[in-house]
$ cat my_file-v4.cif   # mmCIF, C-alpha atoms
data_data
loop_
_atom_site.label_atom_id
_atom_site.label_comp_id
_atom_site.auth_asym_id
_atom_site.auth_seq_id
_atom_site.Cartn_x
_atom_site.Cartn_y
_atom_site.Cartn_z
CA MET A 24 0.00 0.00 0.00
CA PRO A 25 2.06 2.96 -1.22
CA PHE A 26 2.22 6.30 0.55
CA ALA A 27 4.00 9.46 -0.53
CA ASP A 28 5.28 11.88 2.09
CA ASN A 29 4.80 15.64 1.93
CA GLN A 30 6.46 17.32 4.90
CA GLY A 31 5.32 14.59 7.24
CA VAL A 32 1.80 14.19 5.84
CA ARG A 33 1.30 10.78 4.24
CA ILE A 34 -0.65 10.66 0.99
CA HIS A 35 -2.11 7.32 -0.04
CA TYR A 36 -2.24 6.28 -3.67
CA ASP A 37 -2.66 3.19 -5.84
CA SER A 38 -0.34 2.44 -8.75
CA VAL A 39 -1.98 0.41 -11.51
CA GLY A 40 -1.03 -0.51 -15.07
CA SER A 41 1.83 0.77 -17.20
CA GLY A 42 2.38 3.42 -19.85
CA PRO A 43 2.20 7.23 -19.73
CA ALA A 44 1.35 8.40 -16.23
CA VAL A 45 -2.14 9.69 -15.39
CA VAL A 46 -2.94 11.01 -11.91
CA LEU A 47 -6.56 10.73 -10.72
CA ALA A 48 -7.89 12.95 -7.91
CA HIS A 49 -11.40 12.67 -6.44
CA GLY A 50 -13.90 15.18 -5.07
CA LEU A 51 -14.76 16.30 -1.55
CA THR A 52 -15.86 13.45 0.78
CA ALA A 53 -14.95 10.89 -1.89
CA SER A 54 -11.91 8.63 -2.15
CA ARG A 55 -9.87 6.73 -4.69
CA GLN A 56 -12.52 3.98 -4.59
CA GLY A 57 -14.93 5.85 -6.86
CA TRP A 58 -12.47 5.77 -9.74
CA PHE A 59 -12.45 1.98 -9.42
CA ASP A 60 -16.17 1.49 -8.78
CA PHE A 61 -17.33 3.57 -11.73
CA GLY A 62 -14.98 1.82 -14.18
CA TYR A 63 -12.39 4.50 -14.87
CA VAL A 64 -9.35 2.61 -13.64
CA GLU A 65 -10.25 -0.58 -15.49
CA ALA A 66 -10.49 1.35 -18.75
CA LEU A 67 -7.30 3.35 -18.21
CA ARG A 68 -4.99 0.63 -16.90
CA ARG A 69 -4.82 -1.05 -20.31
CA ASP A 70 -2.72 1.77 -21.75
CA TYR A 71 -1.67 4.02 -18.87
CA TRP A 72 0.16 4.02 -15.59
CA VAL A 73 -2.69 5.12 -13.33
CA LEU A 74 -1.85 6.84 -10.05
CA VAL A 75 -5.06 7.03 -8.03
CA MET A 76 -4.38 9.39 -5.14
CA GLU A 77 -6.40 10.29 -2.08
CA LEU A 78 -6.35 13.96 -1.17
CA ARG A 79 -5.24 14.81 2.35
CA GLY A 80 -8.18 14.66 4.72
CA HIS A 81 -9.67 11.75 2.78
CA GLY A 82 -9.47 7.97 2.55
CA GLN A 83 -6.27 6.48 3.92
CA SER A 84 -4.27 9.68 3.56
CA ASP A 85 -3.43 11.62 6.71
CA LYS A 86 -6.14 13.96 8.01
CA PRO A 87 -4.86 17.10 9.72
CA HIS A 88 -7.48 19.00 11.72
CA THR A 89 -6.09 22.52 11.24
CA ALA A 90 -6.92 24.81 8.33
CA ASP A 91 -3.31 25.84 7.82
CA ALA A 92 -2.57 22.28 6.67
CA TYR A 93 -4.85 22.73 3.64
CA THR A 94 -3.31 25.63 1.79
CA ARG A 95 -3.10 25.45 -1.98
CA GLU A 96 0.64 24.91 -1.67
CA HIS A 97 0.21 21.95 0.66
CA VAL A 98 -2.41 20.20 -1.46
CA VAL A 99 -0.54 20.70 -4.74
CA GLY A 100 2.56 19.53 -2.90
CA ASP A 101 0.74 16.26 -2.22
CA VAL A 102 0.22 15.70 -5.95
CA LEU A 103 3.88 16.40 -6.65
CA ALA A 104 4.90 14.12 -3.79
CA VAL A 105 3.04 11.24 -5.45
CA LEU A 106 4.80 11.93 -8.76
CA ASP A 107 8.15 12.14 -7.01
CA ASP A 108 7.49 8.95 -5.07
CA VAL A 109 7.16 6.96 -8.29
CA GLY A 110 9.88 8.88 -10.13
CA VAL A 111 7.67 10.63 -12.69
CA ASP A 112 8.73 14.04 -13.97
CA ARG A 113 5.55 14.79 -15.93
CA ALA A 114 2.04 13.34 -16.05
CA VAL A 115 -1.50 13.98 -17.17
CA TYR A 116 -3.67 15.21 -14.31
CA TRP A 117 -7.36 14.26 -14.11
CA GLY A 118 -9.43 15.66 -11.28
CA TYR A 119 -13.12 15.96 -10.54
CA SER A 120 -14.74 18.64 -8.35
CA LEU A 121 -12.29 19.26 -5.49
CA GLY A 122 -9.82 17.19 -7.48
CA ALA A 123 -10.28 19.57 -10.41
CA ALA A 124 -9.89 22.60 -8.13
CA THR A 125 -6.60 21.02 -7.10
CA GLY A 126 -5.80 20.68 -10.80
CA TYR A 127 -6.26 24.40 -11.42
CA ALA A 128 -4.02 25.02 -8.41
CA ALA A 129 -1.43 22.59 -9.79
CA ALA A 130 -1.43 24.44 -13.11
CA LEU A 131 -0.91 27.70 -11.25
CA LEU A 132 1.96 26.45 -9.10
CA ALA A 133 3.60 23.63 -11.08
CA ALA A 134 2.45 23.66 -14.72
CA GLU A 135 5.83 22.34 -15.82
CA ARG A 136 5.03 18.94 -14.27
CA PHE A 137 1.96 18.24 -16.40
CA ASP A 138 1.46 17.34 -20.06
CA ALA A 139 -2.30 17.88 -20.01
CA PHE A 140 -5.30 18.32 -17.71
CA VAL A 141 -8.74 16.73 -17.57
CA LEU A 142 -10.90 18.87 -15.29
CA GLY A 143 -14.44 17.82 -14.42
CA GLY A 144 -17.20 19.59 -12.53
CA MET A 145 -15.22 22.68 -11.56
CA HIS A 146 -13.97 26.05 -12.78
CA PRO A 147 -11.40 28.50 -11.37
CA TYR A 148 -13.62 31.57 -10.98
CA PRO A 149 -14.98 33.02 -7.73
CA ARG A 150 -18.41 31.56 -7.13
CA SER A 151 -20.97 34.33 -6.87
CA PRO A 152 -24.17 35.33 -8.66
CA GLN A 153 -22.37 38.37 -10.04
CA SER A 154 -19.72 36.26 -11.74
CA GLY A 155 -22.23 34.04 -13.48
CA SER A 156 -20.09 31.09 -12.53
CA GLY A 157 -22.47 29.00 -10.51
CA SER A 158 -24.40 29.47 -7.29
CA ARG A 159 -22.90 28.79 -3.91
CA ARG A 160 -23.83 25.60 -2.09
CA PRO A 161 -24.74 25.80 1.59
CA ASP A 162 -21.71 26.22 3.84
CA ARG A 163 -20.74 22.67 4.66
CA THR A 164 -18.11 23.47 7.26
CA PRO A 165 -20.47 23.65 10.29
CA ALA A 166 -22.11 20.39 9.23
CA PHE A 167 -18.73 18.67 8.98
CA ARG A 168 -17.90 19.93 12.46
CA GLN A 169 -21.02 18.23 13.80
CA GLY A 170 -20.13 14.90 12.23
CA MET A 171 -20.74 13.03 9.02
CA GLN A 172 -24.19 11.76 9.98
CA HIS A 173 -25.31 15.35 10.49
CA TYR A 174 -23.69 16.34 7.19
CA TYR A 175 -25.50 13.55 5.40
CA GLU A 176 -28.90 14.33 6.89
CA THR A 177 -28.75 18.11 6.41
CA ILE A 178 -26.68 18.63 3.24
CA VAL A 179 -26.56 15.45 1.16
CA LYS A 180 -29.85 13.64 1.72
CA PRO A 181 -32.16 16.54 0.74
CA GLU A 182 -30.49 16.72 -2.69
CA LEU A 183 -30.63 13.00 -3.46
CA PRO A 184 -33.20 11.75 -5.99
CA GLU A 185 -32.86 8.29 -4.40
CA PRO A 186 -31.01 6.84 -1.40
CA LEU A 187 -27.29 6.21 -1.69
CA PRO A 188 -26.26 2.57 -2.11
CA GLU A 189 -25.34 1.11 1.25
CA ALA A 190 -21.63 0.78 0.48
CA ARG A 191 -21.35 4.38 -0.71
CA LEU A 192 -23.24 5.69 2.31
CA ALA A 193 -20.90 3.74 4.59
CA ARG A 194 -17.86 5.30 2.88
CA LEU A 195 -19.38 8.77 3.18
CA LEU A 196 -20.08 8.34 6.88
CA ALA A 197 -16.57 6.98 7.46
CA ASN A 198 -15.09 10.37 6.57
CA ASP A 199 -13.38 12.48 9.23
CA GLY A 200 -15.73 15.45 9.65
CA PRO A 201 -13.31 17.78 11.47
CA ALA A 202 -10.63 17.13 8.83
CA LEU A 203 -13.06 18.02 6.03
CA ALA A 204 -14.10 21.15 7.93
CA ALA A 205 -10.43 22.12 8.17
CA PHE A 206 -10.04 21.49 4.43
CA MET A 207 -12.98 23.80 3.71
CA GLU A 208 -11.52 26.49 5.95
CA GLY A 209 -8.11 26.15 4.33
CA ALA A 210 -9.57 26.26 0.83
CA VAL A 211 -10.97 29.73 1.54
CA THR A 212 -7.39 30.95 1.04
CA TRP A 213 -7.25 29.53 -2.50
CA ILE A 214 -8.01 32.93 -4.02
CA GLY A 215 -7.00 33.88 -7.54
CA GLN A 216 -7.46 30.40 -8.98
CA ASP A 217 -8.36 31.99 -12.33
CA ALA A 218 -4.72 33.05 -12.65
CA ALA A 219 -4.18 29.42 -13.67
CA ILE A 220 -5.72 30.25 -17.05
CA ALA A 221 -2.50 31.90 -18.20
CA ARG A 222 -0.58 28.75 -17.23
CA LEU A 223 -2.89 26.26 -18.94
CA THR A 224 -1.22 26.35 -22.34
CA MET A 225 -1.10 22.57 -22.63
CA PRO A 226 -4.08 20.46 -23.88
CA VAL A 227 -7.06 20.64 -21.52
CA LEU A 228 -10.36 18.77 -21.53
CA VAL A 229 -13.11 20.28 -19.37
CA TYR A 230 -16.46 18.59 -18.71
CA ALA A 231 -19.55 19.09 -16.59
CA GLY A 232 -23.16 17.99 -16.40
CA ASP A 233 -25.56 20.58 -17.77
CA ALA A 234 -27.62 20.32 -14.56
CA ASP A 235 -24.55 21.24 -12.49
CA PRO A 236 -24.48 24.88 -11.28
CA LEU A 237 -20.78 24.87 -12.18
CA HIS A 238 -21.51 24.04 -15.84
CA GLU A 239 -21.49 27.65 -17.04
CA GLY A 240 -18.14 28.44 -15.46
CA ALA A 241 -16.61 25.21 -16.76
CA GLN A 242 -17.74 26.05 -20.27
CA ARG A 243 -16.40 29.57 -19.88
CA VAL A 244 -12.90 28.50 -18.83
CA ALA A 245 -12.62 26.10 -21.77
CA GLY A 246 -13.43 28.98 -24.09
CA GLU A 247 -10.66 31.10 -22.58
CA LEU A 248 -7.92 28.48 -22.95
CA PRO A 249 -5.78 28.19 -26.11
CA ASP A 250 -5.96 24.39 -26.44
CA ALA A 251 -9.12 23.24 -24.68
CA ARG A 252 -12.31 21.37 -25.40
CA PHE A 253 -15.51 21.43 -23.38
CA ILE A 254 -17.86 18.46 -23.00
CA SER A 255 -21.41 19.08 -21.77
CA LEU A 256 -23.10 16.01 -20.32
CA SER A 257 -26.83 16.29 -20.93
CA GLY A 258 -29.18 15.87 -17.99
CA LEU A 259 -26.49 15.15 -15.40
CA ASN A 260 -25.97 16.97 -12.12
CA HIS A 261 -22.66 17.40 -10.30
CA SER A 262 -22.64 13.98 -8.66
CA GLN A 263 -23.97 12.07 -11.66
CA ALA A 264 -21.33 13.45 -14.02
CA SER A 265 -18.62 11.91 -11.85
CA GLU A 266 -20.26 8.49 -11.97
CA ARG A 267 -21.00 8.09 -15.67
CA ALA A 268 -17.77 6.67 -16.99
CA ASP A 269 -19.72 5.34 -19.96
CA LEU A 270 -20.37 8.93 -21.06
CA VAL A 271 -17.08 10.48 -19.97
CA LEU A 272 -14.52 7.94 -21.19
CA PRO A 273 -15.47 8.15 -24.90
CA HIS A 274 -14.25 11.75 -24.75
CA VAL A 275 -11.30 11.32 -22.41
CA LEU A 276 -9.68 8.24 -23.96
CA PRO A 277 -9.13 9.82 -27.41
CA PHE A 278 -7.87 12.96 -25.67
CA LEU A 279 -5.33 10.95 -23.67
CA ALA A 280 -4.23 9.01 -26.74
CA LYS A 281 -3.52 12.25 -28.58
CA VAL A 282 -1.58 13.65 -25.64
CA ALA A 283 0.41 10.42 -25.35
CA GLN A 284 1.57 10.81 -28.94
CA GLN A 285 3.05 14.18 -28.05
CA ALA A 286 4.60 13.47 -24.64
CA VAL A 287 5.36 10.15 -23.01
CA SER A 288 5.94 9.86 -19.26
CA PRO A 289 8.23 7.21 -17.74
CA SER A 290 6.43 3.96 -17.02
CA PRO A 291 7.21 1.40 -14.31
CA SER A 292 9.49 -1.46 -15.23
CA GLN A 293 6.70 -3.80 -14.23
CA GLY A 294 3.04 -2.88 -14.27
CA GLU A 295 1.26 -3.30 -10.97
CA GLY A 296 -2.26 -4.37 -10.19
#
$ encode --input "my_file-v4.cif" --output "structure tokens"
Amino acid sequence: MPFADNQGVRIHYDSVGSGPAVVLAHGLTASRQGWFDFGYVEALRRDYWVLVMELRGHGQSDKPHTADAYTREHVVGDVLAVLDDVGVDRAVYWGYSLGAATGYAAALLAAERFDAFVLGGMHPYPRSPQSGSGSRRPDRTPAFRQGMQHYYETIVKPELPEPLPEARLARLLANDGPALAAFMEGAVTWIGQDAAIARLTMPVLVYAGDADPLHEGAQRVAGELPDARFISLSGLNHSQASERADLVLPHVLPFLAKVAQQAVSPSPSQGEG
């Protein structure tokens, strides 16, 4: 079970397959498991070295309880620590939601380490009605402070069209609420994410469900980048767009193949998994 170390914080990741390196980063309250459950890893491992990381505060990674542990520099440092741990200089980065926010931050702070980005369900603009970039969700920090059951009952459950499958609910409730609250408090300092636009000169694929409040901002950022494509997923909300590998992969796989022709990352001497 590999862990990378970033200044004493351990970051858990899985290493699967062989080929050009692709880093996968999940959304808030999720874990690496979703990438496996929804079929992404199985499809990617045939041609790529897939590094499925768990953001700090999540999964089996360490979970600091102070906001100053969740600065943009710390979280991007975790991504770079994973790359360094496996000896990869450059990779493709694929993140969804919070994972995509981390991707914009990585482009801002360390663009030279990435050949391309796949960014789902997120944009880099301040979220306000005036910006036209998606409405704010209820502040989740107090709910996290009161525990994951409270978070589920007050924030998640009212938005669900149907109950979560038992295994997914169990994983949600297993999260560390105070750590996620600290992450939310630390992320408030991630201002100026839209400065990443000037750094995203490499190929970028952006996607979002058209029922996601973040759809408009995601479409906007793709239009402002020099080498980007936007995919709108009809009828899907924020959560659903992360789950529908059958709709996402037909766009991402050709994108990755094209990127791989232009830049090849080191691959492990022996594929794992």
$ resolve_selection --input "my_file-v4.cif" --expression "the PyMOL selection byres ((chain A and resi 128-132) around 8)" --output "PDB file with C-alpha atoms, keeping the file's coordinate frame"
ATOM      1  CA  ARG A  95      -3.100  25.450  -1.980  1.00  0.00           C
ATOM      2  CA  GLU A  96       0.640  24.910  -1.670  1.00  0.00           C
ATOM      3  CA  VAL A  99      -0.540  20.700  -4.740  1.00  0.00           C
ATOM      4  CA  ALA A 124      -9.890  22.600  -8.130  1.00  0.00           C
ATOM      5  CA  THR A 125      -6.600  21.020  -7.100  1.00  0.00           C
ATOM      6  CA  GLY A 126      -5.800  20.680 -10.800  1.00  0.00           C
ATOM      7  CA  TYR A 127      -6.260  24.400 -11.420  1.00  0.00           C
ATOM      8  CA  ALA A 133       3.600  23.630 -11.080  1.00  0.00           C
ATOM      9  CA  ALA A 134       2.450  23.660 -14.720  1.00  0.00           C
ATOM     10  CA  PHE A 137       1.960  18.240 -16.400  1.00  0.00           C
ATOM     11  CA  GLN A 216      -7.460  30.400  -8.980  1.00  0.00           C
ATOM     12  CA  ALA A 218      -4.720  33.050 -12.650  1.00  0.00           C
ATOM     13  CA  ALA A 219      -4.180  29.420 -13.670  1.00  0.00           C
ATOM     14  CA  ILE A 220      -5.720  30.250 -17.050  1.00  0.00           C
ATOM     15  CA  ARG A 222      -0.580  28.750 -17.230  1.00  0.00           C
ATOM     16  CA  LEU A 223      -2.890  26.260 -18.940  1.00  0.00           C
TER      17      LEU A 223
END
$ residues_around --input "my_file-v4.cif" --residues "stretch 30-37 of chain A" --least-positions-apart "5" --cutoff "8 Å" --atoms "only C-alpha atoms" --output "PyMOL selection string"
chain A and resi 24-25+55+73-79+82-85+101+105
$ closest_residue --input "my_file-v4.cif" --among "A:Thr89, A:Ala44, A:Ala104, A:Gly232" --to "A:Pro201" --atoms "only C-alpha atoms"
A:Thr89
$ axis_aligned_box --input "my_file-v4.cif" --around "stretch 60-67 of chain A" --padding-each-side "6 Å" --output "AutoDock Vina command-line options"
--center_x -12.3 --center_y 2.0 --center_z -13.8 --size_x 22.0 --size_y 17.1 --size_z 22.0
$ resolve_selection --input "my_file-v4.cif" --expression "the PyMOL selection byres ((chain A and resi 260) around 7)" --output "mmCIF file with C-alpha atoms, in the frame of the given file"
data_model
loop_
_atom_site.group_PDB
_atom_site.id
_atom_site.type_symbol
_atom_site.label_atom_id
_atom_site.label_comp_id
_atom_site.auth_asym_id
_atom_site.auth_seq_id
_atom_site.Cartn_x
_atom_site.Cartn_y
_atom_site.Cartn_z
ATOM 1 C CA GLY A 232 -23.160 17.990 -16.400
ATOM 2 C CA ASP A 233 -25.560 20.580 -17.770
ATOM 3 C CA ALA A 234 -27.620 20.320 -14.560
ATOM 4 C CA ASP A 235 -24.550 21.240 -12.490
ATOM 5 C CA GLY A 258 -29.180 15.870 -17.990
ATOM 6 C CA LEU A 259 -26.490 15.150 -15.400
ATOM 7 C CA HIS A 261 -22.660 17.400 -10.300
ATOM 8 C CA SER A 262 -22.640 13.980 -8.660
ATOM 9 C CA GLN A 263 -23.970 12.070 -11.660
ATOM 10 C CA ALA A 264 -21.330 13.450 -14.020
#
$ closest_residue --input "my_file-v4.cif" --among "A:Asp70, A:Asp108, A:Asp162, A:Asp91" --to "A:Asn29" --atoms "all atoms listed in the file"
A:Asp108
$ residues_around --input "my_file-v4.cif" --residues "A:Gly122" --least-positions-apart "5" --cutoff "6 Å" --atoms "only C-alpha atoms" --output "list in words"
Ala48, His49 and Gly50 of chain A
$ resolve_selection --input "my_file-v4.cif" --expression "the PyMOL selection byres ((chain A and resi 164) around 9)" --output "MDAnalysis selection string"
chainID A and resid 162:163 165:169 200:201 203:208
$ atom_distance --input "my_file-v4.cif" --atom1 "atom CA of A:Val271" --atom2 "atom CA of A:Tyr119"
11.6 Å
$ residues_around --input "my_file-v4.cif" --residues "stretch 181-198 of chain A" --least-positions-apart "4" --cutoff "8 Å" --atoms "all atoms listed in the file" --output "PDB file with C-alpha atoms, in the coordinates of the input"
ATOM      1  CA  THR A  52     -15.860  13.450   0.780  1.00  0.00           C
ATOM      2  CA  ALA A  53     -14.950  10.890  -1.890  1.00  0.00           C
ATOM      3  CA  HIS A  81      -9.670  11.750   2.780  1.00  0.00           C
ATOM      4  CA  GLY A  82      -9.470   7.970   2.550  1.00  0.00           C
ATOM      5  CA  MET A 171     -20.740  13.030   9.020  1.00  0.00           C
ATOM      6  CA  GLN A 172     -24.190  11.760   9.980  1.00  0.00           C
ATOM      7  CA  TYR A 175     -25.500  13.550   5.400  1.00  0.00           C
ATOM      8  CA  GLU A 176     -28.900  14.330   6.890  1.00  0.00           C
ATOM      9  CA  THR A 177     -28.750  18.110   6.410  1.00  0.00           C
ATOM     10  CA  LEU A 203     -13.060  18.020   6.030  1.00  0.00           C
TER      11      LEU A 203
END
$ atom_distance --input "my_file-v4.cif" --atom1 "atom CA of A:Gly144" --atom2 "atom CA of A:Asp28"
27.9 Å
$ decode --input "my_file-v4.cif" --residues "stretch 178-262 of chain A" --atoms "C-alpha atoms" --output "tab-separated table (two decimals), in the first residue's frame"
chain	number	residue	atom	x	y	z
A	178	ILE	CA	-26.68	18.63	3.24
A	179	VAL	CA	-26.56	15.45	1.16
A	180	LYS	CA	-29.85	13.64	1.72
A	181	PRO	CA	-32.16	16.54	0.74
A	182	GLU	CA	-30.49	16.72	-2.69
A	183	LEU	CA	-30.63	13.00	-3.46
A	184	PRO	CA	-33.20	11.75	-5.99
A	185	GLU	CA	-32.86	8.29	-4.40
A	186	PRO	CA	-31.01	6.84	-1.40
A	187	LEU	CA	-27.29	6.21	-1.69
A	188	PRO	CA	-26.26	2.57	-2.11
A	189	GLU	CA	-25.34	1.11	1.25
A	190	ALA	CA	-21.63	0.78	0.48
A	191	ARG	CA	-21.35	4.38	-0.71
A	192	LEU	CA	-23.24	5.69	2.31
A	193	ALA	CA	-20.90	3.74	4.59
A	194	ARG	CA	-17.86	5.30	2.88
A	195	LEU	CA	-19.38	8.77	3.18
A	196	LEU	CA	-20.08	8.34	6.88
A	197	ALA	CA	-16.57	6.98	7.46
A	198	ASN	CA	-15.09	10.37	6.57
A	199	ASP	CA	-13.38	12.48	9.23
A	200	GLY	CA	-15.73	15.45	9.65
A	201	PRO	CA	-13.31	17.78	11.47
A	202	ALA	CA	-10.63	17.13	8.83
A	203	LEU	CA	-13.06	18.02	6.03
A	204	ALA	CA	-14.10	21.15	7.93
A	205	ALA	CA	-10.43	22.12	8.17
A	206	PHE	CA	-10.04	21.49	4.43
A	207	MET	CA	-12.98	23.80	3.71
A	208	GLU	CA	-11.52	26.49	5.95
A	209	GLY	CA	-8.11	26.15	4.33
A	210	ALA	CA	-9.57	26.26	0.83
A	211	VAL	CA	-10.97	29.73	1.54
A	212	THR	CA	-7.39	30.95	1.04
A	213	TRP	CA	-7.25	29.53	-2.50
A	214	ILE	CA	-8.01	32.93	-4.02
A	215	GLY	CA	-7.00	33.88	-7.54
A	216	GLN	CA	-7.46	30.40	-8.98
A	217	ASP	CA	-8.36	31.99	-12.33
A	218	ALA	CA	-4.72	33.05	-12.65
A	219	ALA	CA	-4.18	29.42	-13.67
A	220	ILE	CA	-5.72	30.25	-17.05
A	221	ALA	CA	-2.50	31.90	-18.20
A	222	ARG	CA	-0.58	28.75	-17.23
A	223	LEU	CA	-2.89	26.26	-18.94
A	224	THR	CA	-1.22	26.35	-22.34
A	225	MET	CA	-1.10	22.57	-22.63
A	226	PRO	CA	-4.08	20.46	-23.88
A	227	VAL	CA	-7.06	20.64	-21.52
A	228	LEU	CA	-10.36	18.77	-21.53
A	229	VAL	CA	-13.11	20.28	-19.37
A	230	TYR	CA	-16.46	18.59	-18.71
A	231	ALA	CA	-19.55	19.09	-16.59
A	232	GLY	CA	-23.16	17.99	-16.40
A	233	ASP	CA	-25.56	20.58	-17.77
A	234	ALA	CA	-27.62	20.32	-14.56
A	235	ASP	CA	-24.55	21.24	-12.49
A	236	PRO	CA	-24.48	24.88	-11.28
A	237	LEU	CA	-20.78	24.87	-12.18
A	238	HIS	CA	-21.51	24.04	-15.84
A	239	GLU	CA	-21.49	27.65	-17.04
A	240	GLY	CA	-18.14	28.44	-15.46
A	241	ALA	CA	-16.61	25.21	-16.76
A	242	GLN	CA	-17.74	26.05	-20.27
A	243	ARG	CA	-16.40	29.57	-19.88
A	244	VAL	CA	-12.90	28.50	-18.83
A	245	ALA	CA	-12.62	26.10	-21.77
A	246	GLY	CA	-13.43	28.98	-24.09
A	247	GLU	CA	-10.66	31.10	-22.58
A	248	LEU	CA	-7.92	28.48	-22.95
A	249	PRO	CA	-5.78	28.19	-26.11
A	250	ASP	CA	-5.96	24.39	-26.44
A	251	ALA	CA	-9.12	23.24	-24.68
A	252	ARG	CA	-12.31	21.37	-25.40
A	253	PHE	CA	-15.51	21.43	-23.38
A	254	ILE	CA	-17.86	18.46	-23.00
A	255	SER	CA	-21.41	19.08	-21.77
A	256	LEU	CA	-23.10	16.01	-20.32
A	257	SER	CA	-26.83	16.29	-20.93
A	258	GLY	CA	-29.18	15.87	-17.99
A	259	LEU	CA	-26.49	15.15	-15.40
A	260	ASN	CA	-25.97	16.97	-12.12
A	261	HIS	CA	-22.66	17.40	-10.30
A	262	SER	CA	-22.64	13.98	-8.66
